[in-house]
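Quick look at model24.txt (compact mmCIF, C-alpha atoms):
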# COMPACT_ATOMS: atom_id res chain seq x y z
CA MET A 364 0.00 0.00 0.00
CA TRP A 365 1.41 3.36 -1.03
CA ILE A 366 1.39 6.23 1.48
CA PRO A 367 1.25 9.81 0.12
CA GLY A 368 4.59 11.57 0.56
CA PHE A 369 6.52 8.32 0.37
CA GLY A 370 8.26 7.39 -2.84
CA ARG A 371 7.29 4.57 -5.13
CA TYR A 372 9.40 3.10 -7.86
CA VAL A 373 8.89 4.71 -11.24
CA ALA A 374 10.75 2.84 -13.97
CA LYS A 375 12.39 5.16 -16.48
CA PRO A 376 15.44 5.12 -18.74
CA GLY A 377 18.48 4.92 -16.46
CA ASN A 378 16.94 3.01 -13.54
CA ARG A 379 15.58 -0.16 -15.14
CA VAL A 380 17.01 -3.68 -15.30
CA GLY A 381 19.76 -3.70 -17.93
CA ASP A 382 20.50 0.03 -17.66
CA ASP A 383 23.77 1.46 -16.40
CA ALA A 384 23.26 2.26 -12.72
CA PRO A 385 23.38 6.00 -12.01
CA ASP A 386 26.70 6.85 -10.36
CA PHE A 387 26.69 8.88 -7.16
CA THR A 388 28.74 9.93 -4.16
CA LEU A 389 27.07 10.07 -0.74
CA PRO A 390 28.34 10.34 2.84
CA ASP A 391 28.00 7.28 5.04
CA GLN A 392 27.11 7.23 8.74
CA ASP A 393 30.65 8.43 9.60
CA GLY A 394 30.74 11.20 6.99
CA LYS A 395 33.03 9.19 4.68
CA GLN A 396 32.23 9.73 1.00
CA VAL A 397 31.15 6.56 -0.83
CA ARG A 398 31.10 6.54 -4.64
CA LEU A 399 29.24 3.79 -6.47
CA LYS A 400 31.88 3.41 -9.21
CA ASP A 401 34.54 2.77 -6.54
CA GLN A 402 32.47 -0.16 -5.20
CA LEU A 403 32.07 -1.95 -8.54
CA GLY A 404 34.30 -4.71 -9.81
CA ASP A 405 34.37 -7.87 -7.73
CA LEU A 406 30.90 -8.39 -6.23
CA PRO A 407 27.45 -7.06 -7.05
CA VAL A 408 26.44 -3.91 -5.17
CA VAL A 409 23.06 -3.80 -3.45
CA LEU A 410 21.36 -0.47 -2.73
CA VAL A 411 18.58 -0.85 -0.18
CA PHE A 412 16.44 2.30 -0.21
CA TYR A 413 14.32 2.59 2.93
CA PRO A 414 12.13 5.37 4.38
CA ARG A 415 13.58 6.18 7.80
CA ALA A 416 16.32 5.07 10.17
CA SER A 417 15.07 3.44 13.37
CA SER A 418 11.42 3.30 12.27
CA PRO A 419 9.74 -0.03 13.09
CA ILE A 420 9.49 -1.63 9.63
CA CYS A 421 12.87 -0.29 8.51
CA THR A 422 14.45 -1.74 11.64
CA VAL A 423 12.93 -5.16 10.91
CA GLN A 424 14.15 -4.96 7.31
CA MET A 425 17.71 -3.93 8.18
CA CYS A 426 17.93 -6.49 11.00
CA SER A 427 16.92 -9.16 8.47
CA LEU A 428 20.03 -8.21 6.49
CA ARG A 429 22.12 -8.25 9.67
CA ASN A 430 20.81 -11.67 10.71
CA GLY A 431 21.72 -13.19 7.34
CA TRP A 432 24.91 -11.20 6.95
CA ASP A 433 27.38 -14.09 6.65
CA ALA A 434 25.74 -15.41 3.48
CA LEU A 435 24.95 -11.96 2.07
CA GLN A 436 28.40 -10.40 2.49
CA ALA A 437 29.95 -13.33 0.63
CA LYS A 438 27.83 -12.48 -2.42
CA ALA A 439 27.39 -8.67 -2.43
CA LYS A 440 28.38 -5.28 -1.07
CA VAL A 441 25.34 -3.81 0.69
CA PHE A 442 24.47 -0.17 1.33
CA GLY A 443 21.34 1.20 2.96
CA VAL A 444 20.16 4.55 1.55
CA SER A 445 17.74 7.01 3.17
CA TYR A 446 17.20 10.75 3.56
CA ASP A 447 18.46 10.65 7.16
CA ALA A 448 21.48 12.70 8.25
CA PRO A 449 24.73 10.84 8.99
CA ASP A 450 24.33 11.24 12.77
CA ALA A 451 20.90 9.53 12.69
CA LEU A 452 22.36 6.78 10.51
CA LYS A 453 25.24 6.30 12.94
CA ARG A 454 22.81 5.86 15.86
CA PHE A 455 20.73 3.38 13.81
CA LYS A 456 23.81 1.40 12.77
CA GLU A 457 25.19 1.24 16.32
CA GLN A 458 21.88 0.60 18.10
CA ASP A 459 20.93 -2.29 15.83
CA ARG A 460 24.49 -3.53 15.18
CA LEU A 461 24.13 -3.22 11.41
CA PRO A 462 27.27 -4.55 9.68
CA PHE A 463 26.89 -2.57 6.45
CA ALA A 464 27.23 1.12 5.57
CA LEU A 465 24.24 3.46 5.63
CA LEU A 466 24.28 6.34 3.14
CA SER A 467 22.72 9.77 3.58
CA ASP A 468 20.74 11.25 0.65
CA PRO A 469 19.08 14.34 2.21
CA ASP A 470 18.74 16.25 -1.06
CA LYS A 471 17.10 13.19 -2.69
CA LYS A 472 19.39 13.30 -5.74
CA VAL A 473 20.18 9.60 -5.67
CA ALA A 474 16.58 8.61 -4.83
CA LYS A 475 15.44 10.70 -7.81
CA ALA A 476 18.03 9.14 -10.13
CA TYR A 477 16.82 5.66 -9.14
CA GLY A 478 13.14 6.62 -9.42
CA VAL A 479 12.25 6.07 -5.74
CA ALA A 480 12.02 9.64 -4.38
CA GLY A 481 9.08 10.86 -2.35
CA THR A 482 8.43 14.13 -0.55
CA PHE A 483 9.10 12.73 2.93
CA ALA A 484 10.85 9.41 2.30
CA ALA A 485 12.26 7.17 -0.40
CA ALA A 486 10.35 4.10 -1.50
CA ARG A 487 11.26 0.76 0.03
CA VAL A 488 13.03 -0.62 -3.05
CA SER A 489 16.31 -2.49 -3.51
CA PHE A 490 18.57 -2.49 -6.56
CA VAL A 491 21.12 -5.16 -7.39
CA ILE A 492 23.94 -3.77 -9.53
CA SER A 493 26.24 -6.20 -11.30
CA PRO A 494 30.03 -5.80 -11.06
CA ASP A 495 30.02 -4.14 -14.51
CA GLY A 496 27.66 -1.39 -13.29
CA LYS A 497 24.41 -2.61 -14.88
CA ILE A 498 21.19 -2.87 -12.90
CA LYS A 499 20.60 -6.61 -12.56
CA ALA A 500 17.42 -6.58 -10.45
CA VAL A 501 14.90 -4.19 -8.92
CA ILE A 502 13.01 -5.52 -5.91
CA THR A 503 9.84 -3.56 -5.23
CA ASP A 504 7.83 -6.06 -3.19
CA ILE A 505 10.01 -5.99 -0.09
CA LYS A 506 9.31 -8.50 2.67
CA ALA A 507 10.87 -6.66 5.62
CA ASP A 508 11.36 -9.71 7.82
CA ASN A 509 12.83 -11.79 4.99
CA HIS A 510 14.60 -9.23 2.82
CA ASN A 511 17.92 -11.00 3.24
CA SER A 512 16.51 -14.04 1.40
CA GLN A 513 15.09 -11.82 -1.34
CA LEU A 514 18.51 -10.26 -1.92
CA LEU A 515 20.32 -13.60 -1.87
CA ALA A 516 17.95 -14.89 -4.54
CA ALA A 517 18.55 -11.79 -6.67
CA VAL A 518 22.36 -11.72 -6.50
Kindly present the structure from the file in structure tokens form.
Amino acid sequence: MWIPGFGRYVAKPGNRVGDDAPDFTLPDQDGKQVRLKDQLGDLPVVLVFYPRASSPICTVQMCSLRNGWDALQAKAKVFGVSYDAPDALKRFKEQDRLPFALLSDPDKKVAKAYGVAGTFAAARVSFVISPDGKIKAVITDIKADNHNSQLLAAV
């Protein structure tokens, strides 16, 4: 069910399966700049867009990734992406012991490039990007408590 003000995936040239993934640079929870192109090469990259750090469903979703981390990290590099500021992301990461980086997109540029931007929050959508930079999969029907399995099937 879509909630007004929250993003929903809008497929367009540049964000569909088979397209080159839009490059970006965003700060992580520690303020370190992460560029997509620097992450490509050996493993697929997974971008997990989610509405809000520490919100109930987002916490369940991210903890699903944490709980299946051993299998997931062997197959992909994972990054959570939301509009939250780095300090909120740092609290979320530490509080829930999340083993992957969380990226801050407060101006919504990356969410817009991937077609998931909303007024208040990005859509809950994950992108699997192959090592050559092409979008391999777009997961729009996220099962928060089992998202780890969804990603493993897609990578």
Each residue of region 365-448 of chain A lying at most 7 Å from region 489-507 of chain A should get a row with its shortest atom-to-atom pair and the distance in Å to one decimal, counting all atoms listed in the file; could you produce that, ordered by chain and increasing number, as a Markdown table?
| residue | atom | partner | partner_atom | distance |
| --- | --- | --- | --- | --- |
| A:Arg379 | CA | A:Ile498 | CA | 6.6 |
| A:Val380 | CA | A:Ile498 | CA | 4.9 |
| A:Gly381 | CA | A:Ile498 | CA | 5.3 |
| A:Asp382 | CA | A:Lys497 | CA | 5.5 |
| A:Asp383 | CA | A:Lys497 | CA | 4.4 |
| A:Ala384 | CA | A:Lys497 | CA | 5.5 |
| A:Leu403 | CA | A:Pro494 | CA | 5.0 |
| A:Gly404 | CA | A:Pro494 | CA | 4.6 |
| A:Asp405 | CA | A:Pro494 | CA | 5.8 |
| A:Leu406 | CA | A:Pro494 | CA | 5.5 |
| A:Pro407 | CA | A:Ser493 | CA | 4.5 |
| A:Val408 | CA | A:Ile492 | CA | 5.0 |
| A:Val409 | CA | A:Val491 | CA | 4.6 |
| A:Leu410 | CA | A:Phe490 | CA | 5.2 |
| A:Val411 | CA | A:Ser489 | CA | 4.4 |
| A:Phe412 | CA | A:Ser489 | CA | 5.8 |
| A:Ile420 | CA | A:Ala507 | CA | 6.6 |
| A:Val423 | CA | A:Ala507 | CA | 5.9 |
| A:Gln424 | CA | A:Ala507 | CA | 4.1 |
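Using only C-alpha atoms for every distance, the candidate list A:Asp450, A:Ser445, A:Val479, A:Ala439 yields A:Ser445 as the residue closest to Arg415 (chain A).
CA of Pro449 (chain A) to CA of Asp401 (chain A) spans 20.1 Å [interatomic distance, one decimal].
Between CA of Ala434 (chain A) and CA of Phe463 (chain A) the interatomic distance comes to 13.2 Å.
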Neighbours of point (13.2, 2.2, 1.2) within 6 Å, using all atoms listed in the file, written as a list in words: Phe412, Tyr413, Pro414, Ala485, Ala486, Arg487 and Val488 of chain A
Expected answer as a ChimeraX atom specification: all residues with atoms within 6 Å of (5.4, 8.0, -5.6), only C-alpha atoms: /A:370-371,481
Minimum-distance residue to Leu514 (chain A), chosen among A:Pro469, A:Gly431, A:Gly377, A:Pro385 (using only C-alpha atoms):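 Of A:Pro469, A:Gly431, A:Gly377, A:Pro385, the one nearest Leu514 (chain A), counting only C-alpha atoms, is A:Gly431.
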Shortest interatomic distance to Gln396 (chain A) - which of A:Ser467, A:Thr482, A:Asn511, A:Ser417, counting all atoms listed in the file: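 Checking each of A:Ser467, A:Thr482, A:Asn511, A:Ser417 against Gln396 (chain A), counting all atoms listed in the file, the winner is A:Ser467.
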Close residues, Leu435 (chain A) itself excluded, 9 Å, all atoms listed in the file, min 2 positions apart in chain, as a PyMOL selection string: chain A and resi 428-429+431-433+437-441+511-512+514-515+518
Top pick for closest residue to Gln402 (chain A), considering A:Ala374, A:Lys472, A:Phe442, A:Asp459 and counting only C-alpha atoms: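 Under the stated criterion, the closest residue is A:Phe442.
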A:Phe455, A:Leu399, A:Ala448, A:Pro376 ranked by distance to Pro419 (chain A), top pick (using all atoms listed in the file):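 When distances to Pro419 (chain A) are compared using all atoms listed in the file, the smallest one comes from A:Phe455.
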CA of Val444 (chain A) to CA of Leu466 (chain A), distance in Å rounded to a single decimal: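 For CA of Val444 (chain A) relative to CA of Leu466 (chain A), the distance reads 4.8 Å.
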